[in-house]
Every structure is written in structure tokens, then in C-alpha cells.
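Following: one structure in C-alpha cells, then a few remarks.
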Amino acid sequence: MAPTSLLYLWGLDHNGWANSYYSAAAMAGSQDWTAFFFASSDPENAISVDKPPLSLWVMSASVRAFGLSPWSILVPQALMGVASVYLLYRMVRTYVNAASALLAAAFFASTPVATVMFRYNNPDALLTLLMIGVAYTALESIRRSSPRWLIFAGALTGAALLTKQLQVALVLPAVAVAYLMFATAPLLRRILHLCGALLAVAVAGGWWFVFVQLTPASRRPFVGGSRLNSAVEWSLGYNGRC
């Protein structure tokens with residue numbers, strides 16, 4: 001974790017504002033609570049950014065706590081990278097061995113695309129951490145014969161929906177198949193457990209979209225990325241194709 005921290009944090013301010021689009025939204029969220037909640041791109045709440053708000057909530061909270069600077073925006077992304085590397089190490093060590101876990105973590109940490117991603121302020125840093133978390137908690141559910149861990153995986157999936165919407169669906173078929181094949185509960189209970197996890201996804205990931213859709217258009221920013229100012233169209237159209 002120490003070399004990973006050095007790799008992701010060293011000279012981080014050289015990236016400046018990185019993605020200035022999201023940096024401006026983080027600044028707006030630190031100045032106005034409505035902009036914070038709706039992920040507005042400006043403090044006057046004219047239009048929201050093109051992605052859900054969870055990664056911006058982290059950045060806005062950091063800016064509100066530490067002031068506006070490249071460090072306050074980018075350090076949370078780097079720390080997400082360190083946490084991702086550690087969680088991957090824990091997962092591989094549990095199911096293989098410590099040497100393989102160290103090798104997997106080292107390869108992941110030093111992969112160029114990962115290094116760039118965790119030194120930048122796109123939503124992908126948080127999305128990657130959450131997707132590793134989904135895999136980790138789903139495997140723990142199988143290992144411990146505990147459906148509560150599967151519900152936790154569902155909640156993390158919902159958080160990933162609030163980060164970059166449907167991209168988290170890439171890991172869900174593997175999670176469902178692995179649980180159906182290797183969990184020790186009877187088949188009907190396994191199916192019910194997956195239904196419970198799906199409900200956790202809907203609650204954890206859907207509440208914000210429902211709130212945005214039900215809020216009168218005059219009281220919220222225009223839904224950025226949509227043509228009809230609709231969170232449903234935005235989710236299934238613009239972000240459904242990403």
C-alpha cells in the first residue's frame with residue numbers, strides 16, 4: 001500500500017484541475033447544497049453533469065472541507081486507488097495465497113490505465129473500487145454462507161449505479177452465476193437471496209433517480225445529457241449506451 005500511495009499521490013498537482021468539467025461541478029457542490037445534491041455543473045443550478053452524483057459528492061465534500069485546489073479534488077481519487085489495491089489483495093489472499101495476492105495487487109496498481117485513472121477525477125476511480133467491492137462481498141457471502149454479505153454486494157452495486165449507472169452491469173452476470181453455482185443453500189433459497197440483493201440494488205441505486213424524476217423541473221437543474229430533461233431518458237439513453 002505504501003508504494004501504491006507513492007505512485008498515485010506523487011506530483012498529483014501536476015495534473016492541475018484534471019477533468020475541469022467535473023472539477024467545476026465539485027466547486028459548485030461545495031458552494032450550494034442544491035448543486036451538491038443534483039450534481040450541478042454550476043452553483044446557479046442551470047444544468048447537471050452527465051453522470052450521477054456519488055463521485056462528485058466525494059469531491060465536493062473534500063473541497064468543502066479543505067478548500068478548492070487540485071489536491072482536494074484529486075487526493076480522494078488516489079485514495080480510492082489505494083483502497084482498490086488493498087481490497088484486491090485481500091480477496092486474492094483469501095482464496096489463493098499471499099504471494100499470488102501480492103502479485104495481483106502489484107500488477108493492478110502498476111497497470112498504466114489504473115495509474116492514470118486513480119490520478120484523475122473521472123467517476124471511474126470510485127466505480128472500480130465499488131466493482132471490486134461487489135466481487136469481494138459476493139465471494140464472502142459464498143464463503144461464509146451468509147446472505148447478508150450478498151445484500152451488501154447489492155448495496156454496493158446500487159452505489160455503483162449512482163456513480164456511473166449501467167457500467168456496473170458488466171460484473172453482475174458473473175456474480176449471479178457464481179452464487180447460484182457455489183453457494184451452499186438450497187437452490188430456491190439462493191434464488192431468493194439474489195432477489196433480495198436485487199432489491200438492495202434498486203433501493204440503494206434508485207432512490208436518487210426517482211427523486212430527480214419526481215422533482216418539478218423548475219426546482220432542479222436540467223438533466224445534463226438528456227434531451228427531454230428526464231432522468232429516465234438520461235439513464236436508459238445517454239448513460240444506457242455508455
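Naming scheme: A, B, ... for chains in displayed order of the C-alpha cells; residues 1 onward per chain; ligands 1 onward as shown.
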Ser23 (chain A) environment, 10 Å, only C-alpha atoms, sequence neighbours closer than 6 positions dropped, as a PyMOL selection string: chain A and resi 16-17+29+41+56+59-60+63+68-70+73-74+121-122
Restricting it to C-alpha atoms, dump the selection as an mmCIF file, in the first residue's frame.
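This is the output file out03.cif:
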data_model
loop_
_atom_site.group_PDB
_atom_site.id
_atom_site.type_symbol
_atom_site.label_atom_id
_atom_site.label_comp_id
_atom_site.auth_asym_id
_atom_site.auth_seq_id
_atom_site.Cartn_x
_atom_site.Cartn_y
_atom_site.Cartn_z
ATOM 1 C CA GLY A 16 -3.981 20.679 -12.448
ATOM 2 C CA TRP A 17 -7.760 20.551 -12.479
ATOM 3 C CA GLY A 29 -21.341 21.425 -4.970
ATOM 4 C CA SER A 41 -22.190 21.880 -13.203
ATOM 5 C CA LEU A 56 -18.964 14.293 -7.201
ATOM 6 C CA MET A 59 -15.054 15.580 -4.371
ATOM 7 C CA SER A 60 -17.447 18.317 -3.255
ATOM 8 C CA VAL A 63 -13.464 20.778 -1.403
ATOM 9 C CA LEU A 68 -10.638 24.370 -3.603
ATOM 10 C CA SER A 69 -7.384 23.067 -5.026
ATOM 11 C CA PRO A 70 -6.188 20.284 -7.348
ATOM 12 C CA ILE A 73 -10.166 17.174 -5.834
ATOM 13 C CA LEU A 74 -7.613 14.536 -6.813
ATOM 14 C CA ASN A 121 -11.203 12.869 -11.357
ATOM 15 C CA ASN A 122 -13.488 10.924 -13.673
#
Residues of region 43-151 of chain A that approach region 200-224 of chain A to 10 Å or less, counting only C-alpha atoms: could you list each one with the shortest pair of atoms and its distance in Å to one decimal, rows by chain and increasing residue number, as a tab-separated table?
residue	atom	partner	partner_atom	distance
A:Glu44	CA	A:Pro221	CA	8.6
A:Asn45	CA	A:Pro221	CA	4.9
A:Ala46	CA	A:Pro221	CA	4.9
A:Ile47	CA	A:Phe222	CA	4.4
A:Ser48	CA	A:Gly224	CA	4.8
A:Val49	CA	A:Gly224	CA	5.2
A:Asp50	CA	A:Gly224	CA	4.9
A:Lys51	CA	A:Gly224	CA	8.0
A:Pro52	CA	A:Phe209	CA	8.6
A:Pro53	CA	A:Trp208	CA	9.0
A:Leu150	CA	A:Ala200	CA	9.4
A:Ile151	CA	A:Ala200	CA	6.2
Could you write those residues out with N, CA, C and O atoms, as a PDB file, in the first residue's frame?
ATOM      1  N   GLU A  44     -25.399  27.991  -9.863  1.00  0.00           N
ATOM      2  CA  GLU A  44     -26.728  28.540 -10.152  1.00  0.00           C
ATOM      3  C   GLU A  44     -27.709  27.464 -10.592  1.00  0.00           C
ATOM      4  O   GLU A  44     -28.871  27.741 -10.870  1.00  0.00           O
ATOM      5  N   ASN A  45     -27.232  26.219 -10.711  1.00  0.00           N
ATOM      6  CA  ASN A  45     -28.094  25.064 -10.986  1.00  0.00           C
ATOM      7  C   ASN A  45     -28.814  25.151 -12.329  1.00  0.00           C
ATOM      8  O   ASN A  45     -30.001  24.846 -12.431  1.00  0.00           O
ATOM      9  N   ALA A  46     -28.095  25.551 -13.356  1.00  0.00           N
ATOM     10  CA  ALA A  46     -28.691  25.591 -14.691  1.00  0.00           C
ATOM     11  C   ALA A  46     -28.803  24.196 -15.287  1.00  0.00           C
ATOM     12  O   ALA A  46     -29.821  23.845 -15.889  1.00  0.00           O
ATOM     13  N   ILE A  47     -27.757  23.371 -15.126  1.00  0.00           N
ATOM     14  CA  ILE A  47     -27.738  22.045 -15.738  1.00  0.00           C
ATOM     15  C   ILE A  47     -26.850  21.135 -14.902  1.00  0.00           C
ATOM     16  O   ILE A  47     -25.874  21.591 -14.291  1.00  0.00           O
ATOM     17  N   SER A  48     -27.202  19.860 -14.846  1.00  0.00           N
ATOM     18  CA  SER A  48     -26.381  18.906 -14.108  1.00  0.00           C
ATOM     19  C   SER A  48     -25.323  18.307 -15.036  1.00  0.00           C
ATOM     20  O   SER A  48     -25.386  18.461 -16.258  1.00  0.00           O
ATOM     21  N   VAL A  49     -24.350  17.634 -14.444  1.00  0.00           N
ATOM     22  CA  VAL A  49     -23.353  16.951 -15.256  1.00  0.00           C
ATOM     23  C   VAL A  49     -23.977  15.708 -15.879  1.00  0.00           C
ATOM     24  O   VAL A  49     -25.127  15.363 -15.606  1.00  0.00           O
ATOM     25  N   ASP A  50     -23.201  15.025 -16.701  1.00  0.00           N
ATOM     26  CA  ASP A  50     -23.743  13.913 -17.484  1.00  0.00           C
ATOM     27  C   ASP A  50     -23.708  12.581 -16.751  1.00  0.00           C
ATOM     28  O   ASP A  50     -24.033  11.550 -17.337  1.00  0.00           O
ATOM     29  N   LYS A  51     -23.295  12.567 -15.486  1.00  0.00           N
ATOM     30  CA  LYS A  51     -23.219  11.322 -14.729  1.00  0.00           C
ATOM     31  C   LYS A  51     -23.894  11.506 -13.378  1.00  0.00           C
ATOM     32  O   LYS A  51     -24.080  12.637 -12.908  1.00  0.00           O
ATOM     33  N   PRO A  52     -24.279  10.412 -12.718  1.00  0.00           N
ATOM     34  CA  PRO A  52     -24.871  10.516 -11.382  1.00  0.00           C
ATOM     35  C   PRO A  52     -23.897  11.136 -10.379  1.00  0.00           C
ATOM     36  O   PRO A  52     -22.711  11.313 -10.677  1.00  0.00           O
ATOM     37  N   PRO A  53     -24.361  11.420  -9.156  1.00  0.00           N
ATOM     38  CA  PRO A  53     -23.610  12.344  -8.305  1.00  0.00           C
ATOM     39  C   PRO A  53     -22.609  11.750  -7.329  1.00  0.00           C
ATOM     40  O   PRO A  53     -21.877  12.511  -6.700  1.00  0.00           O
ATOM     41  N   LEU A 150     -24.330 -10.888   0.635  1.00  0.00           N
ATOM     42  CA  LEU A 150     -24.859 -10.708  -0.726  1.00  0.00           C
ATOM     43  C   LEU A 150     -25.719  -9.447  -0.792  1.00  0.00           C
ATOM     44  O   LEU A 150     -25.695  -8.729  -1.800  1.00  0.00           O
ATOM     45  N   ILE A 151     -26.472  -9.176   0.259  1.00  0.00           N
ATOM     46  CA  ILE A 151     -27.240  -7.933   0.320  1.00  0.00           C
ATOM     47  C   ILE A 151     -26.291  -6.732   0.298  1.00  0.00           C
ATOM     48  O   ILE A 151     -26.561  -5.714  -0.353  1.00  0.00           O
TER      49      ILE A 151
END
Sel. of strand (DSSP E or B) residues, region 1-235 of chain A, as a VMD selection string: chain A and resid 40 47 to 48 222
Could those residues be written to a file, using C-alpha atoms, as a PDB file, in the first residue's frame?
ATOM      1  CA  SER A  40     -24.983  20.661 -10.984  1.00  0.00           C
ATOM      2  CA  ILE A  47     -27.738  22.045 -15.738  1.00  0.00           C
ATOM      3  CA  SER A  48     -26.381  18.906 -14.108  1.00  0.00           C
ATOM      4  CA  PHE A 222     -31.819  20.477 -16.357  1.00  0.00           C
TER       5      PHE A 222
END
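Interatomic distance, CA of Leu172 (chain A) against CA of Ala160 (chain A): 11.5 Å.
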With only C-alpha atoms as the atoms that count, which of A:Trp33, A:Trp57, A:Tyr8, A:Tyr21 lies nearest to Leu126 (chain A)? A:Trp57
Please identify all polymer residues within 8 Å of region 83-85 of chain A, counting only C-alpha atoms, omitting same-chain residues fewer than 5 positions from it, and present them as a ChimeraX atom specification. /A:1,4,105-106,108-109,128-129,132
Selection export as a CSV table (one decimal), in the first residue's frame, atoms kept: N, CA and C atoms:
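Below is the file part-v5.csv, written as the result:
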chain,number,residue,atom,x,y,z
A,1,MET,N,0.8,-1.2,0.0
A,1,MET,CA,0.0,0.0,0.0
A,1,MET,C,0.9,1.3,0.0
A,4,THR,N,2.0,2.0,-3.5
A,4,THR,CA,0.9,2.4,-4.3
A,4,THR,C,0.5,3.8,-4.0
A,105,ALA,N,-2.0,-7.6,-6.8
A,105,ALA,CA,-2.1,-6.2,-6.4
A,105,ALA,C,-1.1,-5.4,-7.1
A,106,ALA,N,0.1,-5.9,-7.2
A,106,ALA,CA,1.2,-5.2,-7.8
A,106,ALA,C,0.9,-4.9,-9.3
A,108,PHE,N,-2.0,-4.9,-10.7
A,108,PHE,CA,-3.1,-4.0,-10.8
A,108,PHE,C,-2.7,-2.5,-10.6
A,109,ALA,N,-1.9,-2.3,-9.5
A,109,ALA,CA,-1.5,-1.0,-9.1
A,109,ALA,C,-0.7,-0.3,-10.2
A,128,THR,N,-14.5,1.7,-10.0
A,128,THR,CA,-13.6,0.5,-9.9
A,128,THR,C,-13.6,0.0,-8.5
A,129,LEU,N,-13.4,0.9,-7.5
A,129,LEU,CA,-13.4,0.5,-6.1
A,129,LEU,C,-14.7,-0.3,-5.8
A,132,ILE,N,-14.9,-3.8,-7.4
A,132,ILE,CA,-14.1,-4.8,-6.7
A,132,ILE,C,-14.8,-5.1,-5.4
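Put simply, CA of Thr111 (chain A) is 21.0 Å away from CA of Val134 (chain A).
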Identify all residues of region 110-238 of chain A in alpha helix (DSSP H) (DSSP on the backbone) and supply them as a ChimeraX atom specification. /A:110,112-117,124-144,147-164,172-182,187-214,231-233
Neighbours of Ala176 (chain A) within 12 Å (only C-alpha atoms; same-chain residues fewer than 6 positions away dropped), as a list of chain:residue names? A:Val134, A:Ala135, A:Ala138, A:Leu139, A:Ser141, A:Ile142, A:Leu150, A:Ala153, A:Gly154, A:Ala169, A:Leu170, A:Phe182, A:Ala183, A:Arg190, A:Ile191, A:Leu192, A:His193, A:Leu194, A:Cys195, A:Ala197, A:Leu198
Would you export the selected residues with N, CA and C atoms as a short mmCIF file (atom, residue, chain, number, x, y, z; two decimals), in the first residue's frame, please?
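Resulting contents of again-v9.cif:
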data_model
loop_
_atom_site.label_atom_id
_atom_site.label_comp_id
_atom_site.auth_asym_id
_atom_site.auth_seq_id
_atom_site.Cartn_x
_atom_site.Cartn_y
_atom_site.Cartn_z
N VAL A 134 -17.99 -5.24 -4.88
CA VAL A 134 -19.09 -6.15 -5.21
C VAL A 134 -18.57 -7.58 -5.32
N ALA A 135 -17.47 -7.77 -6.03
CA ALA A 135 -16.89 -9.11 -6.18
C ALA A 135 -16.46 -9.66 -4.82
N ALA A 138 -19.55 -10.52 -2.59
CA ALA A 138 -20.28 -11.68 -3.12
C ALA A 138 -19.52 -12.97 -2.80
N LEU A 139 -18.20 -12.97 -2.94
CA LEU A 139 -17.41 -14.15 -2.61
C LEU A 139 -17.45 -14.43 -1.11
N SER A 141 -19.97 -13.82 0.77
CA SER A 141 -21.28 -14.40 1.01
C SER A 141 -21.27 -15.90 0.76
N ILE A 142 -20.57 -16.31 -0.29
CA ILE A 142 -20.47 -17.74 -0.59
C ILE A 142 -19.61 -18.43 0.46
N LEU A 150 -24.33 -10.89 0.63
CA LEU A 150 -24.86 -10.71 -0.73
C LEU A 150 -25.72 -9.45 -0.79
N ALA A 153 -23.40 -6.72 -1.14
CA ALA A 153 -22.96 -6.62 -2.54
C ALA A 153 -24.00 -5.87 -3.37
N GLY A 154 -25.27 -6.14 -3.09
CA GLY A 154 -26.33 -5.42 -3.79
C GLY A 154 -26.31 -3.93 -3.49
N ALA A 169 -23.14 -3.19 -14.55
CA ALA A 169 -23.78 -4.42 -15.01
C ALA A 169 -22.80 -5.40 -15.62
N LEU A 170 -21.59 -4.94 -15.95
CA LEU A 170 -20.58 -5.83 -16.52
C LEU A 170 -20.23 -6.98 -15.58
N PHE A 182 -22.16 -21.96 -6.50
CA PHE A 182 -21.27 -22.34 -5.41
C PHE A 182 -21.81 -22.07 -4.02
N ALA A 183 -22.89 -21.32 -3.87
CA ALA A 183 -23.46 -21.15 -2.53
C ALA A 183 -24.03 -22.47 -2.05
N ARG A 190 -31.21 -19.78 -2.76
CA ARG A 190 -30.22 -18.99 -3.50
C ARG A 190 -30.89 -17.99 -4.41
N ILE A 191 -31.96 -18.43 -5.07
CA ILE A 191 -32.70 -17.51 -5.95
C ILE A 191 -33.32 -16.39 -5.14
N LEU A 192 -33.88 -16.73 -3.98
CA LEU A 192 -34.47 -15.70 -3.13
C LEU A 192 -33.41 -14.73 -2.62
N HIS A 193 -32.24 -15.25 -2.30
CA HIS A 193 -31.14 -14.38 -1.85
C HIS A 193 -30.76 -13.39 -2.94
N LEU A 194 -30.70 -13.87 -4.18
CA LEU A 194 -30.37 -12.98 -5.30
C LEU A 194 -31.46 -11.94 -5.52
N CYS A 195 -32.71 -12.34 -5.30
CA CYS A 195 -33.81 -11.37 -5.41
C CYS A 195 -33.68 -10.30 -4.32
N ALA A 197 -30.86 -9.32 -2.97
CA ALA A 197 -29.75 -8.46 -3.38
C ALA A 197 -30.19 -7.50 -4.47
N LEU A 198 -31.04 -7.98 -5.38
CA LEU A 198 -31.55 -7.11 -6.45
C LEU A 198 -32.40 -5.98 -5.86
#
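Interatomic distance, CA of Phe66 (chain A) against CA of Leu162 (chain A): 24.1 Å.
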Neighbour list for Leu127 (chain A) as a list in words, cut-off 7 Å, only C-alpha atoms, skip fewer than 4 positions in-chain: Pro123, Met131, Ala160, Thr163 and Lys164 of chain A
File dump, residues just selected, C-alpha atoms, as a short mmCIF file (atom, residue, chain, number, x, y, z; two decimals), in the first residue's frame:
data_model
loop_
_atom_site.label_atom_id
_atom_site.label_comp_id
_atom_site.auth_asym_id
_atom_site.auth_seq_id
_atom_site.Cartn_x
_atom_site.Cartn_y
_atom_site.Cartn_z
CA PRO A 123 -16.09 8.68 -11.95
CA MET A 131 -16.94 -3.13 -8.52
CA ALA A 160 -22.06 1.98 -8.42
CA THR A 163 -21.55 6.56 -9.80
CA LYS A 164 -21.69 5.66 -13.48
#
